[in-house]
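As structure tokens, the structure follows; a few thoughts come after it.
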Amino acid sequence: MTAMVARNLRRLLYTWATGRSVRSKRVRQYLLCTIFVALVALWLVSQARNTYAGQTLPSVVGSPSATTWATVTGTATAVSLKEPSPDAHGPGYATPTATARRPGGQGYMEGWEERALQDLATVLGWPTVVARDDTGTLSINRIVSSMEWSAVTIRPFEFSAGATAAFNAEQDDAAIAGYYVSVDTFYSYPAYWASRRDANRRVVERRFHWLAGRWIMAVRAHGDAARSLDHRAVARDLLALATRYGLPAPPGWVSPTSTVLPQAATSTPTEVCTASFTDVPARHWAAGYITQLACEGVVGGYADGTFRPQAYTSRAQLVKMIVLAEGWSLLNPSQPTFADVGPGNVFYRYIETAYARGVVSGYANGYFMPYDAVTRAQVAKMLVRARGWTLQAGNPVRLCDVSPSYWAWDYIQTAIAHGIFTGYSDGCFRPEDEATRAQLAKLIVLARR
């Protein structure tokens with residue numbers, strides 16, 4: 001049959017190339033039959049791809065330098081504000097695991113997932129914001145810095161077959177990406193560990209994943225947390241909460257007699273945060289920071305659904321972000337402090353509130369210049385004042401372009417000491433460079449750790 005199809009296709013191509021007509025009725029019938037068989041074969045292939053789209057998985061989403069949750073490097077390098085390192089990923093950016101063509105989502109959840117995660121965050125002392133990315137994965141996160149974070153995730157699937165395929169692909173992709181993978185079991189659930197070490201053989205990232213029916217659950221940590229976090233203990237607490245709220249218990253499961261879980265289980269479930277922007281995909285280096293602040297109402301997007309992470313930020317915009325992040329009550333004085341920011345200005349109350357808190361002071365001419373792009377030096381000063389940090393006097397970091405006589409020297413040194421941002425690899429800080437919306441989202445999150 002295959003030979004006949006090939007022969008007739010060659011004959012058809014020959015007649016087309018030479019311009020000759022097909023005079024034989026039998027040959028014409030063969031040719032029509034061949035075309036029909038080819039079309040049917042193409043249709044069957046298309047149907048097969050659609051049928052398994054929700055279960056087959058593409059290759060790894062990213063390498064260790066462009067993953068979806070966090071990238072591991074051999075050394076803990078500093079991250080600059082102006083040009084964030086591709087290794088400066090924090091939570092919100094998914095690990096190098098396979099992503100299903102047909103992602104999980106709200107329709108695949110049963111309602112217990114977000115409640116279990118929120119109560120687990122309470123038990124662990126983490127922020128209780130439950131975020132969801134574009135694959136439908138729910139997560140709670142603890143961000144210490146861009147190089148140290150922890151996360152617990154639940155990813156629902158429509159069918160257990162799809163979850164099993166994704167779970168198996170995760171292990172393969174982790175191994176391909178350079179992680180050491182070992183198979184394990186968690187109660188009766190299949191599980192695996194994935195870890196990565198730096199050049200000094202220290203563990204810099206560790207993950208523990210297990211498959212519970214049509215849910216993939218995971219505990220992940222990067223940096224010092226990878227060595228200090230008890231992944232299995234956190235997994236047990238999550239499983240205890242999940243089975244309490246609706247996950248079918250595994251055979252032989254006995255809920256741990258914890259004194260904190262029953263108390264946490266009485267909390268009121270909240271709606272899962274679904275904040276997302278069309279130009280901030282899950283693999284964006286600042287997606288976790290942007291999502292966290294968007295869920296808290298600190299930042300918002302534009303009418304077209306974008307966030308514009310690379311857009312530069314004005315002084316007034318940064319002030320608004322700081323005031324909202326700190327949760328300060330807005331002031332509305334009758335007389336404006338600055339000549340160029342009157343009561344009719346959309347940022348008036350935020351700027352007046354920040355002024356009253358000592359965060360901003362304006363210029364000597366009585367102006368605030370609200371729409372000037374904010375610089376790195378100004379960011380350092382505003383955040384240090386907003387957090388109430390004591391200015392650092394000793395052990396300064398040597399910077400090629402910021403001397404002790406520079407107006408923001410104390411603030412820059414204090415911000416560096418608190419780990420919210422650093423200088424560049426050439427030993428400079430570039431204090432007059434402008435900051436983007438994505439970079440400021442990261443700094444505000446890190447400043448509140």
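How things are named: the first chain in the structure tokens is A, the next is B, and so on; residues count from 1 in each chain; ligands count from 1 in the order shown.
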Exercise for review: May I have the residues within 6 Å of Arg196 (chain A) as a VMD selection string, using only C-alpha atoms and disregarding those fewer than 4 positions away in the same chain?
Suggested key: chain A and resid 179 203 to 205
Considering only C-alpha atoms, return as number ranges by chain whatever protein or nucleic-acid residues lie within 8 Å of Asp410 (chain A), sequence-local ones (same chain, fewer than 3 positions apart) excluded.
-> A: 391-393, 404, 407, 413-414
Any chance you could export the current selection's all heavy atoms as a PDB file, in the first residue's frame?
```pdb
ATOM      1  N   LEU A 391      21.058  54.393  59.550  1.00  0.00           N
ATOM      2  CA  LEU A 391      22.084  54.530  58.516  1.00  0.00           C
ATOM      3  C   LEU A 391      23.365  53.829  58.948  1.00  0.00           C
ATOM      4  O   LEU A 391      23.796  53.941  60.105  1.00  0.00           O
ATOM      5  CB  LEU A 391      22.355  56.012  58.239  1.00  0.00           C
ATOM      6  CG  LEU A 391      21.182  56.801  57.639  1.00  0.00           C
ATOM      7  CD1 LEU A 391      21.584  58.255  57.412  1.00  0.00           C
ATOM      8  CD2 LEU A 391      20.732  56.176  56.332  1.00  0.00           C
ATOM      9  N   GLN A 392      23.969  53.102  57.998  1.00  0.00           N
ATOM     10  CA  GLN A 392      25.182  52.341  58.278  1.00  0.00           C
ATOM     11  C   GLN A 392      26.380  53.271  58.358  1.00  0.00           C
ATOM     12  O   GLN A 392      26.585  54.116  57.481  1.00  0.00           O
ATOM     13  CB  GLN A 392      25.407  51.293  57.184  1.00  0.00           C
ATOM     14  CG  GLN A 392      24.291  50.270  57.086  1.00  0.00           C
ATOM     15  CD  GLN A 392      24.254  49.355  58.282  1.00  0.00           C
ATOM     16  OE1 GLN A 392      25.287  48.937  58.779  1.00  0.00           O
ATOM     17  NE2 GLN A 392      23.059  49.040  58.764  1.00  0.00           N
ATOM     18  N   ALA A 393      27.178  53.094  59.403  1.00  0.00           N
ATOM     19  CA  ALA A 393      28.340  53.953  59.577  1.00  0.00           C
ATOM     20  C   ALA A 393      29.651  53.212  59.310  1.00  0.00           C
ATOM     21  O   ALA A 393      30.647  53.820  58.912  1.00  0.00           O
ATOM     22  CB  ALA A 393      28.360  54.536  60.990  1.00  0.00           C
ATOM     23  N   PRO A 404      32.048  58.964  49.725  1.00  0.00           N
ATOM     24  CA  PRO A 404      31.376  59.400  50.962  1.00  0.00           C
ATOM     25  C   PRO A 404      30.782  60.794  50.880  1.00  0.00           C
ATOM     26  O   PRO A 404      29.895  61.143  51.660  1.00  0.00           O
ATOM     27  CB  PRO A 404      32.494  59.321  52.009  1.00  0.00           C
ATOM     28  CG  PRO A 404      33.410  58.264  51.487  1.00  0.00           C
ATOM     29  CD  PRO A 404      33.399  58.449  49.999  1.00  0.00           C
ATOM     30  N   TRP A 407      25.604  62.706  47.961  1.00  0.00           N
ATOM     31  CA  TRP A 407      24.464  63.033  48.819  1.00  0.00           C
ATOM     32  C   TRP A 407      23.719  61.805  49.347  1.00  0.00           C
ATOM     33  O   TRP A 407      23.130  61.824  50.424  1.00  0.00           O
ATOM     34  CB  TRP A 407      23.478  63.943  48.066  1.00  0.00           C
ATOM     35  CG  TRP A 407      22.750  63.263  46.924  1.00  0.00           C
ATOM     36  CD1 TRP A 407      23.135  63.209  45.626  1.00  0.00           C
ATOM     37  CD2 TRP A 407      21.523  62.552  47.015  1.00  0.00           C
ATOM     38  NE1 TRP A 407      22.238  62.492  44.876  1.00  0.00           N
ATOM     39  CE2 TRP A 407      21.222  62.088  45.707  1.00  0.00           C
ATOM     40  CE3 TRP A 407      20.635  62.242  48.048  1.00  0.00           C
ATOM     41  CZ2 TRP A 407      20.085  61.335  45.430  1.00  0.00           C
ATOM     42  CZ3 TRP A 407      19.500  61.496  47.763  1.00  0.00           C
ATOM     43  CH2 TRP A 407      19.235  61.060  46.473  1.00  0.00           C
ATOM     44  N   GLN A 413      24.716  52.754  51.064  1.00  0.00           N
ATOM     45  CA  GLN A 413      25.426  51.780  51.894  1.00  0.00           C
ATOM     46  C   GLN A 413      24.456  51.009  52.789  1.00  0.00           C
ATOM     47  O   GLN A 413      24.594  49.797  52.985  1.00  0.00           O
ATOM     48  CB  GLN A 413      26.476  52.498  52.749  1.00  0.00           C
ATOM     49  CG  GLN A 413      27.636  53.073  51.961  1.00  0.00           C
ATOM     50  CD  GLN A 413      28.509  52.002  51.338  1.00  0.00           C
ATOM     51  OE1 GLN A 413      28.595  50.874  51.813  1.00  0.00           O
ATOM     52  NE2 GLN A 413      29.169  52.351  50.229  1.00  0.00           N
ATOM     53  N   THR A 414      23.451  51.696  53.318  1.00  0.00           N
ATOM     54  CA  THR A 414      22.468  51.027  54.176  1.00  0.00           C
ATOM     55  C   THR A 414      21.625  50.043  53.380  1.00  0.00           C
ATOM     56  O   THR A 414      21.352  48.926  53.834  1.00  0.00           O
ATOM     57  CB  THR A 414      21.560  52.076  54.844  1.00  0.00           C
ATOM     58  OG1 THR A 414      22.371  52.990  55.580  1.00  0.00           O
ATOM     59  CG2 THR A 414      20.553  51.408  55.768  1.00  0.00           C
TER      60      THR A 414
END
```
- [ ] Figure out the distance between CA of Gly419 (chain A) and CA of Phe347 (chain A), please, to one decimal in Å.
- [x]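 CA of Gly419 (chain A) lies 29.0 Å from CA of Phe347 (chain A).
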Item to complete: Using only C-alpha atoms, find the one residue out of A:Val299, A:Ala221, A:Val181, A:Ala447 that sits nearest to Val152 (chain A).
Response: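 Using only C-alpha atoms, the shortest distance to Val152 (chain A) belongs to A:Ala221.
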Run DSSP on the backbone and give me the residues of region 141-244 of chain A it puts in strand (DSSP E or B), as a PDB file with N, CA and C atoms, in the first residue's frame.
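Writing the result to result10.pdb gives the following:
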```pdb
ATOM      1  N   ASN A 141       4.687  31.449  49.053  1.00  0.00           N
ATOM      2  CA  ASN A 141       6.111  31.704  48.905  1.00  0.00           C
ATOM      3  C   ASN A 141       6.658  32.486  50.090  1.00  0.00           C
ATOM      4  N   ARG A 142       7.877  32.198  50.405  1.00  0.00           N
ATOM      5  CA  ARG A 142       8.622  32.994  51.391  1.00  0.00           C
ATOM      6  C   ARG A 142       9.891  33.467  50.717  1.00  0.00           C
ATOM      7  N   ILE A 143      10.010  34.776  50.521  1.00  0.00           N
ATOM      8  CA  ILE A 143      11.154  35.355  49.828  1.00  0.00           C
ATOM      9  C   ILE A 143      12.051  36.036  50.850  1.00  0.00           C
ATOM     10  N   VAL A 144      13.255  35.553  50.998  1.00  0.00           N
ATOM     11  CA  VAL A 144      14.241  36.214  51.844  1.00  0.00           C
ATOM     12  C   VAL A 144      15.084  37.150  50.996  1.00  0.00           C
ATOM     13  N   SER A 145      15.488  36.669  49.850  1.00  0.00           N
ATOM     14  CA  SER A 145      16.207  37.478  48.870  1.00  0.00           C
ATOM     15  C   SER A 145      16.066  36.778  47.535  1.00  0.00           C
ATOM     16  N   GLU A 148      17.572  33.435  47.930  1.00  0.00           N
ATOM     17  CA  GLU A 148      17.083  32.537  48.974  1.00  0.00           C
ATOM     18  C   GLU A 148      15.574  32.654  49.076  1.00  0.00           C
ATOM     19  N   TRP A 149      14.898  31.566  48.808  1.00  0.00           N
ATOM     20  CA  TRP A 149      13.441  31.554  48.861  1.00  0.00           C
ATOM     21  C   TRP A 149      12.948  30.129  49.079  1.00  0.00           C
ATOM     22  N   SER A 150      11.699  30.041  49.495  1.00  0.00           N
ATOM     23  CA  SER A 150      11.045  28.742  49.663  1.00  0.00           C
ATOM     24  C   SER A 150       9.651  28.841  49.071  1.00  0.00           C
ATOM     25  N   ALA A 151       9.125  27.722  48.603  1.00  0.00           N
ATOM     26  CA  ALA A 151       7.796  27.711  47.996  1.00  0.00           C
ATOM     27  C   ALA A 151       7.157  26.342  48.187  1.00  0.00           C
ATOM     28  N   VAL A 152       5.845  26.358  48.329  1.00  0.00           N
ATOM     29  CA  VAL A 152       5.047  25.128  48.358  1.00  0.00           C
ATOM     30  C   VAL A 152       3.981  25.284  47.280  1.00  0.00           C
ATOM     31  N   THR A 153       3.821  24.266  46.434  1.00  0.00           N
ATOM     32  CA  THR A 153       2.920  24.382  45.289  1.00  0.00           C
ATOM     33  C   THR A 153       1.977  23.189  45.206  1.00  0.00           C
ATOM     34  N   ILE A 154       0.815  23.443  44.605  1.00  0.00           N
ATOM     35  CA  ILE A 154      -0.139  22.398  44.255  1.00  0.00           C
ATOM     36  C   ILE A 154      -0.563  22.655  42.812  1.00  0.00           C
ATOM     37  N   ARG A 155      -0.414  21.643  41.973  1.00  0.00           N
ATOM     38  CA  ARG A 155      -0.823  21.790  40.577  1.00  0.00           C
ATOM     39  C   ARG A 155      -1.890  20.757  40.239  1.00  0.00           C
ATOM     40  N   PRO A 156      -3.118  21.199  39.985  1.00  0.00           N
ATOM     41  CA  PRO A 156      -4.195  20.263  39.660  1.00  0.00           C
ATOM     42  C   PRO A 156      -4.234  19.954  38.166  1.00  0.00           C
ATOM     43  N   TYR A 180      20.400  16.334  40.474  1.00  0.00           N
ATOM     44  CA  TYR A 180      20.498  14.941  40.904  1.00  0.00           C
ATOM     45  C   TYR A 180      19.111  14.503  41.350  1.00  0.00           C
ATOM     46  N   VAL A 181      18.566  13.489  40.715  1.00  0.00           N
ATOM     47  CA  VAL A 181      17.200  13.050  40.958  1.00  0.00           C
ATOM     48  C   VAL A 181      17.222  11.673  41.609  1.00  0.00           C
ATOM     49  N   SER A 182      16.483  11.520  42.697  1.00  0.00           N
ATOM     50  CA  SER A 182      16.355  10.221  43.356  1.00  0.00           C
ATOM     51  C   SER A 182      14.883   9.926  43.604  1.00  0.00           C
ATOM     52  N   VAL A 183      14.483   8.711  43.307  1.00  0.00           N
ATOM     53  CA  VAL A 183      13.088   8.289  43.441  1.00  0.00           C
ATOM     54  C   VAL A 183      12.802   7.943  44.902  1.00  0.00           C
ATOM     55  N   ASP A 184      11.596   8.288  45.352  1.00  0.00           N
ATOM     56  CA  ASP A 184      11.218   8.059  46.737  1.00  0.00           C
ATOM     57  C   ASP A 184       9.717   7.771  46.769  1.00  0.00           C
ATOM     58  N   THR A 185       9.188   7.501  47.936  1.00  0.00           N
ATOM     59  CA  THR A 185       7.744   7.401  48.139  1.00  0.00           C
ATOM     60  C   THR A 185       7.376   8.273  49.323  1.00  0.00           C
ATOM     61  N   PHE A 186       6.173   8.811  49.284  1.00  0.00           N
ATOM     62  CA  PHE A 186       5.657   9.638  50.368  1.00  0.00           C
ATOM     63  C   PHE A 186       4.335   9.027  50.792  1.00  0.00           C
ATOM     64  N   TYR A 189       2.265   7.516  48.031  1.00  0.00           N
ATOM     65  CA  TYR A 189       2.386   8.311  46.809  1.00  0.00           C
ATOM     66  C   TYR A 189       3.768   8.163  46.197  1.00  0.00           C
ATOM     67  N   PRO A 190       3.866   8.103  44.873  1.00  0.00           N
ATOM     68  CA  PRO A 190       5.186   8.185  44.241  1.00  0.00           C
ATOM     69  C   PRO A 190       5.763   9.572  44.454  1.00  0.00           C
ATOM     70  N   ALA A 191       7.062   9.630  44.690  1.00  0.00           N
ATOM     71  CA  ALA A 191       7.707  10.912  44.968  1.00  0.00           C
ATOM     72  C   ALA A 191       9.125  10.890  44.417  1.00  0.00           C
ATOM     73  N   TYR A 192       9.734  12.062  44.358  1.00  0.00           N
ATOM     74  CA  TYR A 192      11.139  12.134  43.969  1.00  0.00           C
ATOM     75  C   TYR A 192      11.766  13.393  44.564  1.00  0.00           C
ATOM     76  N   TRP A 193      13.079  13.339  44.722  1.00  0.00           N
ATOM     77  CA  TRP A 193      13.882  14.471  45.162  1.00  0.00           C
ATOM     78  C   TRP A 193      14.718  14.953  43.985  1.00  0.00           C
ATOM     79  N   ALA A 194      14.913  16.247  43.903  1.00  0.00           N
ATOM     80  CA  ALA A 194      15.821  16.820  42.905  1.00  0.00           C
ATOM     81  C   ALA A 194      16.668  17.869  43.603  1.00  0.00           C
ATOM     82  N   SER A 195      17.973  17.756  43.475  1.00  0.00           N
ATOM     83  CA  SER A 195      18.854  18.700  44.160  1.00  0.00           C
ATOM     84  C   SER A 195      19.993  19.103  43.242  1.00  0.00           C
ATOM     85  N   ARG A 196      20.559  20.236  43.565  1.00  0.00           N
ATOM     86  CA  ARG A 196      21.676  20.741  42.774  1.00  0.00           C
ATOM     87  C   ARG A 196      22.707  21.348  43.707  1.00  0.00           C
ATOM     88  N   ARG A 197      23.982  21.167  43.384  1.00  0.00           N
ATOM     89  CA  ARG A 197      25.071  21.666  44.217  1.00  0.00           C
ATOM     90  C   ARG A 197      25.922  22.670  43.455  1.00  0.00           C
ATOM     91  N   VAL A 203      24.627  22.117  48.693  1.00  0.00           N
ATOM     92  CA  VAL A 203      23.312  22.071  48.075  1.00  0.00           C
ATOM     93  C   VAL A 203      22.780  23.490  47.970  1.00  0.00           C
ATOM     94  N   VAL A 204      22.427  23.922  46.761  1.00  0.00           N
ATOM     95  CA  VAL A 204      21.903  25.276  46.551  1.00  0.00           C
ATOM     96  C   VAL A 204      20.420  25.266  46.182  1.00  0.00           C
ATOM     97  N   GLU A 205      19.904  24.099  45.840  1.00  0.00           N
ATOM     98  CA  GLU A 205      18.465  23.988  45.619  1.00  0.00           C
ATOM     99  C   GLU A 205      18.031  22.549  45.876  1.00  0.00           C
ATOM    100  N   ARG A 206      16.888  22.400  46.522  1.00  0.00           N
ATOM    101  CA  ARG A 206      16.343  21.068  46.763  1.00  0.00           C
ATOM    102  C   ARG A 206      14.836  21.120  46.584  1.00  0.00           C
ATOM    103  N   ARG A 207      14.308  20.089  45.918  1.00  0.00           N
ATOM    104  CA  ARG A 207      12.868  19.989  45.690  1.00  0.00           C
ATOM    105  C   ARG A 207      12.385  18.606  46.117  1.00  0.00           C
ATOM    106  N   PHE A 208      11.182  18.582  46.633  1.00  0.00           N
ATOM    107  CA  PHE A 208      10.532  17.323  46.959  1.00  0.00           C
ATOM    108  C   PHE A 208       9.145  17.361  46.333  1.00  0.00           C
ATOM    109  N   HIS A 209       8.904  16.478  45.353  1.00  0.00           N
ATOM    110  CA  HIS A 209       7.631  16.426  44.627  1.00  0.00           C
ATOM    111  C   HIS A 209       6.960  15.080  44.870  1.00  0.00           C
ATOM    112  N   TRP A 210       5.648  15.085  44.987  1.00  0.00           N
ATOM    113  CA  TRP A 210       4.914  13.833  45.069  1.00  0.00           C
ATOM    114  C   TRP A 210       3.607  13.939  44.295  1.00  0.00           C
ATOM    115  N   LEU A 211       3.130  12.782  43.836  1.00  0.00           N
ATOM    116  CA  LEU A 211       1.944  12.701  42.984  1.00  0.00           C
ATOM    117  C   LEU A 211       0.802  12.112  43.805  1.00  0.00           C
ATOM    118  N   ALA A 212      -0.242  12.926  44.010  1.00  0.00           N
ATOM    119  CA  ALA A 212      -1.415  12.493  44.770  1.00  0.00           C
ATOM    120  C   ALA A 212      -2.625  12.495  43.847  1.00  0.00           C
ATOM    121  N   TRP A 215      -3.131  15.483  41.369  1.00  0.00           N
ATOM    122  CA  TRP A 215      -2.450  16.670  41.881  1.00  0.00           C
ATOM    123  C   TRP A 215      -0.963  16.387  42.031  1.00  0.00           C
ATOM    124  N   ILE A 216      -0.151  17.313  41.567  1.00  0.00           N
ATOM    125  CA  ILE A 216       1.287  17.274  41.830  1.00  0.00           C
ATOM    126  C   ILE A 216       1.572  18.321  42.900  1.00  0.00           C
ATOM    127  N   MET A 217       2.152  17.888  44.020  1.00  0.00           N
ATOM    128  CA  MET A 217       2.477  18.797  45.107  1.00  0.00           C
ATOM    129  C   MET A 217       3.990  18.849  45.263  1.00  0.00           C
ATOM    130  N   ALA A 218       4.476  19.978  45.743  1.00  0.00           N
ATOM    131  CA  ALA A 218       5.927  20.135  45.833  1.00  0.00           C
ATOM    132  C   ALA A 218       6.304  21.091  46.957  1.00  0.00           C
ATOM    133  N   VAL A 219       7.464  20.823  47.547  1.00  0.00           N
ATOM    134  CA  VAL A 219       8.119  21.733  48.482  1.00  0.00           C
ATOM    135  C   VAL A 219       9.482  22.033  47.889  1.00  0.00           C
ATOM    136  N   ARG A 220       9.786  23.320  47.704  1.00  0.00           N
ATOM    137  CA  ARG A 220      11.017  23.699  47.024  1.00  0.00           C
ATOM    138  C   ARG A 220      11.727  24.779  47.823  1.00  0.00           C
ATOM    139  N   ALA A 221      13.033  24.771  47.784  1.00  0.00           N
ATOM    140  CA  ALA A 221      13.801  25.789  48.496  1.00  0.00           C
ATOM    141  C   ALA A 221      15.112  26.045  47.770  1.00  0.00           C
ATOM    142  N   HIS A 222      15.568  27.280  47.860  1.00  0.00           N
ATOM    143  CA  HIS A 222      16.784  27.713  47.177  1.00  0.00           C
ATOM    144  C   HIS A 222      17.646  28.491  48.158  1.00  0.00           C
TER     145      HIS A 222
END
```
Among A:Thr306, A:Thr34, A:Gln118, A:Ser403, Phe429 (chain A) is approached most closely, using only C-alpha atoms, by A:Ser403
